[in-house]
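**Student:** Okay, here's the structure, questions in a sec.
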Amino acid sequence: MSTHVSVVVPAHDEETLLPGALAAIAAAARHPDLVGVHVRTVVVADACRDRTVSLARAAGATALTTDCRNAGAARHAGVRHALDRRGGNLDGHWIATTDADSTVPPGWLAHQLAQARAGWEAVVGTVTLPPTSPLAAPHRARYEATRPADGVAWHHPHVHGANLGVAAAAYVDAGGFPPLATGEDRALVAALEQRGHRVLRSAHVPVLTSPRLDARAPDGFGAYLAAMPHPTTA
């Protein structure tokens, strides 16, 4: 059973959205199912020129400063820091990752740890957009195109660093996040599956993410949104 959770949040000049993301993580850490579980949040401030570091520390998170300018390298640096803080002890250690422009629901960590107790070594979740965004409806239609209509569990094809959890031992065995500018999350999940680890694709606890089009990572989720037909132009 996981008794220690490290939440890793990469951030590049995220002073506007980071406080909301950290408040949501703190709320998830207070879930009643997490009594006795120690949760630590690590914000990886990568090449930041704004108040990301000070805001992270004010919220009670550990702020790790890097100059990777690379999403995969930054995310891995945060996980490596979390592992080092425990002296390399992988037992009972769960790694959860999200993004600075995303808001996790209150049951996010509780859901991941429940799956860990059931024997899953990684949980790959989904994302959703704010209902007020004009992109919300077209995104959902495209995103959920493969979802069964009869209520059968949807083992979705998506992978997001904004909604991902993995046992520390499985993370290390799979080689961790590779230093890719984008797609590091998909590469990690592919490596976990290739190594035979039990990976659950679950749509039960989606994470709310920003509909911004000026994405931090090239060819990431923002690029996916920008390529969609927009309601105002379609």
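We name chains A, B, ... following the order of the structure tokens; residues begin at 1 in each chain, and ligands are numbered from 1 as shown.
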Within 6 Å of Ile95 in chain A, counting only C-alpha atoms, which residues show up once you throw out same-chain ones fewer than 4 positions away? Write them as a ChimeraX atom specification, please.
**Tutor:** /A:5-6,165-168
**Student:** Can you measure CA of Ala141 in chain A to CA of Gly161 in chain A for me? One decimal in Å is fine.
**Tutor:** 21.3 Å
**Student:** Between A:His111, A:Arg201, A:His155, A:Arg85, which has the minimum distance to Thr62 in chain A (counting only C-alpha atoms)?
**Tutor:**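 Going through A:His111, A:Arg201, A:His155, A:Arg85 one by one, the smallest distance to Thr62 in chain A is for A:Arg85.
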**Student:** Report as an MDAnalysis selection string all protein, DNA and RNA residues lying within 10 Å of range 71-78 of chain A, evaluated on only C-alpha atoms, omitting residues in the same chain fewer than 5 positions from it.
**Tutor:** chainID A and resid 6:12 41:47 62:66 83:84 97:99 161 175:185 187:188 216:218
**Student:** Pick out the residues sitting within 10 Å of Thr16 in chain A, and hand them over as number ranges by chain; count only C-alpha atoms, and ignore anything fewer than 2 positions along from it in its own chain.
**Tutor:** A: 13-14, 18-21, 50-52, 55, 100-101
**Student:** Determine, counting only C-alpha atoms, which protein, DNA and RNA residues have an atom within 12 Å of an atom of Trp94 in chain A; residues of the same chain fewer than 5 positions away are not included. Present the result as an MDAnalysis selection string.
**Tutor:** chainID A and resid 1:8 37:41 79 82:83 86 89 109:110 112:117 120:123 164:172
**Student:** CA of Val207 in chain A to CA of Gly107 in chain A: how many Å, to one decimal?
**Tutor:** 10.4 Å
**Student:** Could you jot down the CA of His81 in chain A to CA of Ala58 in chain A separation for me, Å, one decimal place?
**Tutor:**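 Distance reported for this atom pair: 19.3 Å.
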**Student:** Please report, as a PyMOL selection string, each residue of range 120-183 of chain A to which DSSP assigns helix (DSSP H, G or I) when run on this structure's backbone.
**Tutor:** chain A and resi 136-143+168-174
**Student:** Can you spit out the residues from that selection as a compact mmCIF listing (two decimals), in the first residue's frame, using C-alpha atoms?
**Tutor:**
```
# COMPACT_ATOMS: atom_id res chain seq x y z
CA ALA A 136 -15.51 22.18 -24.57
CA ALA A 137 -18.22 20.57 -26.72
CA PRO A 138 -16.14 19.95 -29.88
CA HIS A 139 -13.27 18.69 -27.74
CA ARG A 140 -15.50 16.20 -25.95
CA ALA A 141 -17.03 14.93 -29.18
CA ARG A 142 -13.62 14.31 -30.71
CA TYR A 143 -11.92 13.15 -27.52
CA ALA A 168 7.86 4.59 -7.93
CA ALA A 169 9.35 1.12 -8.48
CA ALA A 170 7.59 0.78 -11.85
CA TYR A 171 8.69 4.29 -12.82
CA VAL A 172 12.33 3.47 -12.18
CA ASP A 173 12.09 0.10 -13.93
CA ALA A 174 10.62 1.78 -17.04
```
